[in-house]
Amino acid sequence: MNKTNNNNLIFRKSMLAVTVASILSTNNVIAQEADENGDTEIIQVTGIRSSIQASTALKKDATGVVDAISAEDIGKFPDTNLAESLQRITGVSINRENGEGKNITVRGFGDGFNLVTLNSRQMPTASVFAGGGNGSSGPSATSNASRSFDFSNLSSDSVKSVEVYKTSRANLASGGIGATVNINTLKPLDNEGLVASIGAKAIHDTTNVENSDYTPELSGLISYTNEDAVFGVALSFSHSERDSGSEQVTINNWNMGVVGVNDLYQLPADTSGIRIENAPANGQLYTRPDDIRYSDVETKRVRDNAQLTVQFAPTAGFVATLDYTYANNDIEQRRTEATSWMSTSGITELVFDSDPVVVAPIFVNTPNSTTSSLGQDQQYNAQENTLTSVGLNLEWQATDNLKVVFDAHSSEAESMPNGYKGAGQTAIQIAANTGTGQSYTYDGDVPLQTLERPNGLTPEMHSSQIGHIRYADQVTSVDQAKVDLSYEFDEGRFDFGIETRSVDMRNRNSVKQMTLGGWGASNPGDIPSNLLEIYNPSTMEGIPAGAPQLAMKGHAEDILESLIANPLYATANSGSPWTTDIESNWNSDNQIVEDTDAAYFQVHLNGELGGMETNFTAGLRYEDTSLSSTAYLRRFQGWLWFGNNDDRGLFGNSVEDVTTDFSYSNVLPAFDFDIAIRDDLIARFSYSKSISRAAYGQLQSDVSQFNFAGGSSFNGLTKTAQRNNPELLPIESDNIDLSLEWYFEDTSYVSLGLYEKRIKNFIGQASSTENVWGIRDQTIGPRVQAAVAQLQALGINTNDSNIYTALVLQAYPDAPELNGLTWDNFIQQGEPGYNQQITNAETVSFRTGDFVANSEDPLMMLSVSKPVNTSERQVYGAELAAQHFFGESGFGLQANYTIVRGDVHYDNSALPGANQFPLLGLSDTANLVAMYEKNGFSARVSWNWRDEHIITASRGSANNPIYTEAYSQIDMNVSYDVSKNLSIFVEAINITEEDRRDHGRTERMVEFYEDLGARYQIGARYTF
């Protein structure tokens, strides 16, 4: 450990030790000049160039392939968001949410394949969001537990450096096939005396509409070390508020089928009255969307971070470090969706494209005589993510050659609903049946929906439909302890270590579905008019002319409270009124305990080969893991079918524990070799075996995510479920890296790297058709068969809407709600009066609750997906990077490009439901950064590009893919040092206001479009 002489730091190790010490200290470049008394003078250099110099030195002197980013000054990291900084490293790309970096992908391997550590400790992860339950809250919404680390929860103010290890080592914890990312924070003994920094900034997000246009961010950092460098304490804090908005387009689902096999549009036998263009031929793959949804989203985010570190070095060879870390991210969101469900009957125009893979509609029109409704989904979503960690590190230089390090920590991450009455989402769907025709155009970036409303739109026209209270939480703890020993000798070093780690994860979900006015919107005027206000849902840039200009928005919790107090719904909940409390009888409740014991040994050897300096490292890591997965299960019993395409899941009352125990072990070798062909030219070769464990959600012991599929089995709609697999083995990868690096100045280099990863136990989804727990299917049973026979005898189309109405009429012919409906005056879907007829039928269903499966119905055959270990895969590519400062001009450039290839792609022409195993996130990336720093003025302009990549391969029952299209973004940072201590700065993010677009099997099958804007930050920082 470093000792002081006259209060100055003395470095007595090799150049590598000097390099590591410099990058891990806040004062990034330290020049040492001896004075006449032999004391050491410390010259502190800060800024962009010093940060790059330190990072370059670490890359050059490291074992294996390592990249790093270091702070430019105390409390000043290059970007406020760590993920935004990491994306400038070669091979690293990021996933953004609400325009802010969230997760990382390294060399094509997404967030679940990368391990993130804080001060070399594995951190727990918890990031769920209950708003994903209705399938229309955007592709990032999820209630499933994962191992993904959310960088948006951490402020960068207390971060000294971030290291990205792209090649594995025996002394690194397993879990990162793509990379291991280590975040280093401030240590007080890295600095002399009193060092402090305080900063403030104002944030202006141009997307904000309803909240504050300017929000504050405050940060501070103070570090104190006594004169003898025996005791030190450091405290950092950060408080950040951001208000933002977003306008989005989503599609509920793209139904897939084969022409001649699946009747997606349910056209009549005689289509002479319908204009059909480019009709697909029999055997072609084709698709039909459910709708188009225009969404308005307002988000408030409050993030608080703090870290306290205390160090004690009573002797020259011993340092004790105790630290506590706290991070809290509170997210509140109000979302309104405006949509009109596509009618599958009464179509007068249908125009298809000529795509050779999947034929998709360009234009769909329904007649003016069809009564159409405008549905509006009001959501209030809130989630709070919290990380706490307490750790102890003891470092003892036992002899001149032997160093012993003990490190232990106990950390917990929780993602908890923080909305109305503790819910993650409170939602109410409302609708007005006032339209007289609708059309859908799927052409261009943004699809167009039109709705004819000759009588306008008022609050009084609206009826409630269905309310939802959704809840999802995740709590994960990690207790980890390890001992590392290092013995140095003349030509190298031996390392040995042991580790024990215990992870405990609990994840719970529930949904309360509240039937009020029903999907038929049967009670116009049941919502107090003062709770609704008119807004325009079609203001986003690029939306075609003709989109709806009128819709309603309101606070979901206020609307729901008013409805459950309405006498209309006094007996809506099985004879009682509804409540807005969460459902504490969990739909799923899972706990996973994962214990890992590990030991490693590695040797470092320094030498020469042909007069050229060499470094050789070889090591072996052994890990033994035992897993216990418990589901606290309320068995799913089927659905209440209460509308043509509507349902409510039914669960048993008793809870049973289902536990699966599983264990496995891994032997992970690692080998690194580098040779200095010249002092400035280094060649490297690395081989290693690494693993990534399955996501927590995949390891659960339950069967979940039962999906009614929006209709009957009689008409070919397949019900689905997800069976998880606690016996999944970790994904294994044999990794080979080759690189050549030319360092022609201390801040300048050019490098070329080649890599290959051969993957075993790749995890994909396999589907099987099976019955689960004896569930029966009322949608194809004797009652449906009798209703179909009656419809066929009358020559009426047997689509689900007509079947359901016939089902109700058959069971309750004298029901007063049917208003005298008989077989003689039956109205088909698409004819005038149909909407009121189906609404009346659903009202009977709500009252009776009768349409559940019984013993006469056949067993329900579900398409059950299950994660499985599959065959081998291969990923390979190249990384090219260059960096240079042009003498003393102050100008500099950074550029890199990463190529990623592999046999892990999705086949868009595969049949619906086929099992496929693509690697999510696989894409090329590129960065270009122009820099200037001189005379107290610094500026950086960054361009980041990521090619199209797949983000899921299991959308809907057809297992459709979702691709995020190629995206680029330009950010800028300008600062000026007013004095030695005071600097002012301006930051601009996404200054060209690039938007995000996702699509399915073809570009026409838009899944998600988000109209994004620029974010500006202006502030000042004072150091002393």
# chains A, B, ... in the order shown; residues from 1 in each chain; ligands from 1
>>> residues_around(residues="Asn606 in chain A", least_positions_apart="5", cutoff="12 Å", atoms="only C-alpha atoms", output="PyMOL selection string")
chain A and resi 14+63+488-494+612-617+672-676
>>> residues_around(residues="Arg293 in chain A", least_positions_apart="5", cutoff="8 Å", atoms="only C-alpha atoms", output="MDAnalysis selection string")
chainID A and resid 249:252 337:340
>>> closest_residue(among="A:Asn666, A:Ile527, A:Gly913, A:Ala881", to="Glu460 in chain A", atoms="only C-alpha atoms")
A:Ile527
>>> residues_around(residues="Val784 in chain A", least_positions_apart="5", cutoff="9 Å", atoms="only C-alpha atoms", output="PDB file with N, CA and C atoms, in the first residue's frame")
ATOM      1  N   PHE A 714     -62.154 -22.105 -31.425  1.00  0.00           N
ATOM      2  CA  PHE A 714     -62.916 -22.541 -32.602  1.00  0.00           C
ATOM      3  C   PHE A 714     -62.406 -21.838 -33.857  1.00  0.00           C
ATOM      4  N   GLN A 778     -63.696 -23.563 -22.849  1.00  0.00           N
ATOM      5  CA  GLN A 778     -65.092 -23.289 -23.168  1.00  0.00           C
ATOM      6  C   GLN A 778     -65.262 -22.656 -24.535  1.00  0.00           C
ATOM      7  N   THR A 779     -64.171 -22.212 -25.166  1.00  0.00           N
ATOM      8  CA  THR A 779     -64.294 -21.508 -26.449  1.00  0.00           C
ATOM      9  C   THR A 779     -64.368 -22.458 -27.646  1.00  0.00           C
ATOM     10  N   ALA A 789     -73.599 -23.829 -34.847  1.00  0.00           N
ATOM     11  CA  ALA A 789     -74.585 -24.513 -35.691  1.00  0.00           C
ATOM     12  C   ALA A 789     -75.775 -23.616 -35.970  1.00  0.00           C
ATOM     13  N   ILE A 803     -70.293 -15.315 -32.598  1.00  0.00           N
ATOM     14  CA  ILE A 803     -70.379 -16.518 -31.751  1.00  0.00           C
ATOM     15  C   ILE A 803     -70.721 -16.127 -30.321  1.00  0.00           C
ATOM     16  N   TYR A 804     -70.074 -15.089 -29.823  1.00  0.00           N
ATOM     17  CA  TYR A 804     -70.293 -14.745 -28.424  1.00  0.00           C
ATOM     18  C   TYR A 804     -71.717 -14.233 -28.204  1.00  0.00           C
ATOM     19  N   ALA A 806     -74.302 -15.047 -29.949  1.00  0.00           N
ATOM     20  CA  ALA A 806     -75.171 -16.231 -30.046  1.00  0.00           C
ATOM     21  C   ALA A 806     -75.089 -17.073 -28.791  1.00  0.00           C
ATOM     22  N   LEU A 807     -73.905 -17.129 -28.193  1.00  0.00           N
ATOM     23  CA  LEU A 807     -73.718 -17.900 -26.967  1.00  0.00           C
ATOM     24  C   LEU A 807     -74.590 -17.341 -25.841  1.00  0.00           C
TER      25      LEU A 807
END
>>> closest_residue(among="A:Tyr324, A:Tyr442, A:Tyr600, A:Phe891", to="Glu499 in chain A", atoms="only C-alpha atoms")
A:Tyr600
>>> closest_residue(among="A:Ser538, A:Gln429, A:Gln705, A:Ser148", to="Gly467 in chain A", atoms="only C-alpha atoms")
A:Gln429
>>> closest_residue(among="A:Val233, A:Leu922, A:Leu394, A:Val864", to="Phe406 in chain A", atoms="only C-alpha atoms")
A:Leu394
>>> residues_around(residues="range 355-367 of chain A", least_positions_apart="6", cutoff="6 Å", atoms="only C-alpha atoms", output="list in words")
Leu285, Tyr286, Thr287, Gly346, Ile347, Thr348, Glu349, Gly437, Gln438, Ser439, Tyr440, Thr441, Tyr442, Asp443 and Ser909 of chain A
>>> closest_residue(among="A:Ala68, A:Ala145, A:Tyr420, A:Ala953", to="Asn182 in chain A", atoms="only C-alpha atoms")
A:Ala68
>>> select_by_dssp(residues="range 49-177 of chain A", states="helix (DSSP H, G or I)", output="NGL selection string")
:A and (49-61 or 82-86 or 111-113 or 130-134 or 151-153)
>>> write_last_selection(atoms="C-alpha atoms", output="PDB file, in the first residue's frame")
ATOM      1  CA  ARG A  49      -6.770  15.146 -22.193  1.00  0.00           C
ATOM      2  CA  SER A  50      -5.610  13.939 -18.783  1.00  0.00           C
ATOM      3  CA  SER A  51      -8.599  11.604 -18.544  1.00  0.00           C
ATOM      4  CA  ILE A  52      -7.812  10.131 -21.959  1.00  0.00           C
ATOM      5  CA  GLN A  53      -4.117   9.855 -21.118  1.00  0.00           C
ATOM      6  CA  ALA A  54      -4.853   7.837 -17.982  1.00  0.00           C
ATOM      7  CA  SER A  55      -7.348   5.602 -19.795  1.00  0.00           C
ATOM      8  CA  THR A  56      -4.894   5.034 -22.640  1.00  0.00           C
ATOM      9  CA  ALA A  57      -2.131   4.085 -20.201  1.00  0.00           C
ATOM     10  CA  LEU A  58      -4.362   1.537 -18.515  1.00  0.00           C
ATOM     11  CA  LYS A  59      -5.334   0.009 -21.864  1.00  0.00           C
ATOM     12  CA  LYS A  60      -1.680  -0.216 -22.915  1.00  0.00           C
ATOM     13  CA  ASP A  61      -0.360  -1.737 -19.672  1.00  0.00           C
ATOM     14  CA  LEU A  82     -22.575   6.200 -17.049  1.00  0.00           C
ATOM     15  CA  ALA A  83     -24.100   4.284 -19.943  1.00  0.00           C
ATOM     16  CA  GLU A  84     -23.738   7.350 -22.188  1.00  0.00           C
ATOM     17  CA  SER A  85     -20.001   7.363 -21.420  1.00  0.00           C
ATOM     18  CA  LEU A  86     -19.614   3.632 -21.910  1.00  0.00           C
ATOM     19  CA  ASP A 111     -27.386  -6.541 -20.750  1.00  0.00           C
ATOM     20  CA  GLY A 112     -28.089  -9.967 -19.249  1.00  0.00           C
ATOM     21  CA  PHE A 113     -24.788 -11.257 -20.642  1.00  0.00           C
ATOM     22  CA  ALA A 130     -45.858  -3.307 -13.576  1.00  0.00           C
ATOM     23  CA  GLY A 131     -47.043  -1.144 -16.477  1.00  0.00           C
ATOM     24  CA  GLY A 132     -46.130  -3.830 -18.971  1.00  0.00           C
ATOM     25  CA  GLY A 133     -49.205  -5.897 -18.246  1.00  0.00           C
ATOM     26  CA  ASN A 134     -51.473  -4.701 -21.042  1.00  0.00           C
ATOM     27  CA  PHE A 151     -27.234   2.381 -15.238  1.00  0.00           C
ATOM     28  CA  SER A 152     -29.880   5.104 -15.069  1.00  0.00           C
ATOM     29  CA  ASN A 153     -30.127   4.459 -11.310  1.00  0.00           C
TER      30      ASN A 153
END
>>> residues_around(residues="range 967-970 of chain A", least_positions_apart="4", cutoff="7 Å", atoms="only C-alpha atoms", output="list in words")
Ser942, Trp943, Asn944, Trp945, Arg946, Asp947, Ile989, Asn990, Ile991, Thr992 and Glu994 of chain A
>>> residues_around(residues="range 377-390 of chain A", least_positions_apart="3", cutoff="6 Å", atoms="only C-alpha atoms", output="number ranges by chain")
A: 323-337, 409-419, 424-429, 556
>>> atom_distance(atom1="CA of Phe685 in chain A", atom2="CA of Ala895 in chain A")
23.0 Å
>>> select_by_dssp(residues="range 426-472 of chain A", states="strand (DSSP E or B)", output="list in words")
Thr426, Ala427, Ile428, Gln429, Ile430, Ala431, Ala432, Asn433, Thr434, Gly435, Gln438, Ser439, Tyr440, Thr441, Leu448, Gln449, Thr450, Leu451, Ser463, Ser464, Gln465, Ile466, Gly467, His468, Ile469, Arg470, Tyr471 and Ala472 of chain A
>>> atom_distance(atom1="CA of Ile292 in chain A", atom2="CA of Glu541 in chain A")
16.5 Å
>>> closest_residue(among="A:Val128, A:Ile69, A:Ile466, A:Val875", to="Val159 in chain A", atoms="only C-alpha atoms")
A:Ile69
>>> atom_distance(atom1="CA of Leu982 in chain A", atom2="CA of Gly232 in chain A")
25.0 Å
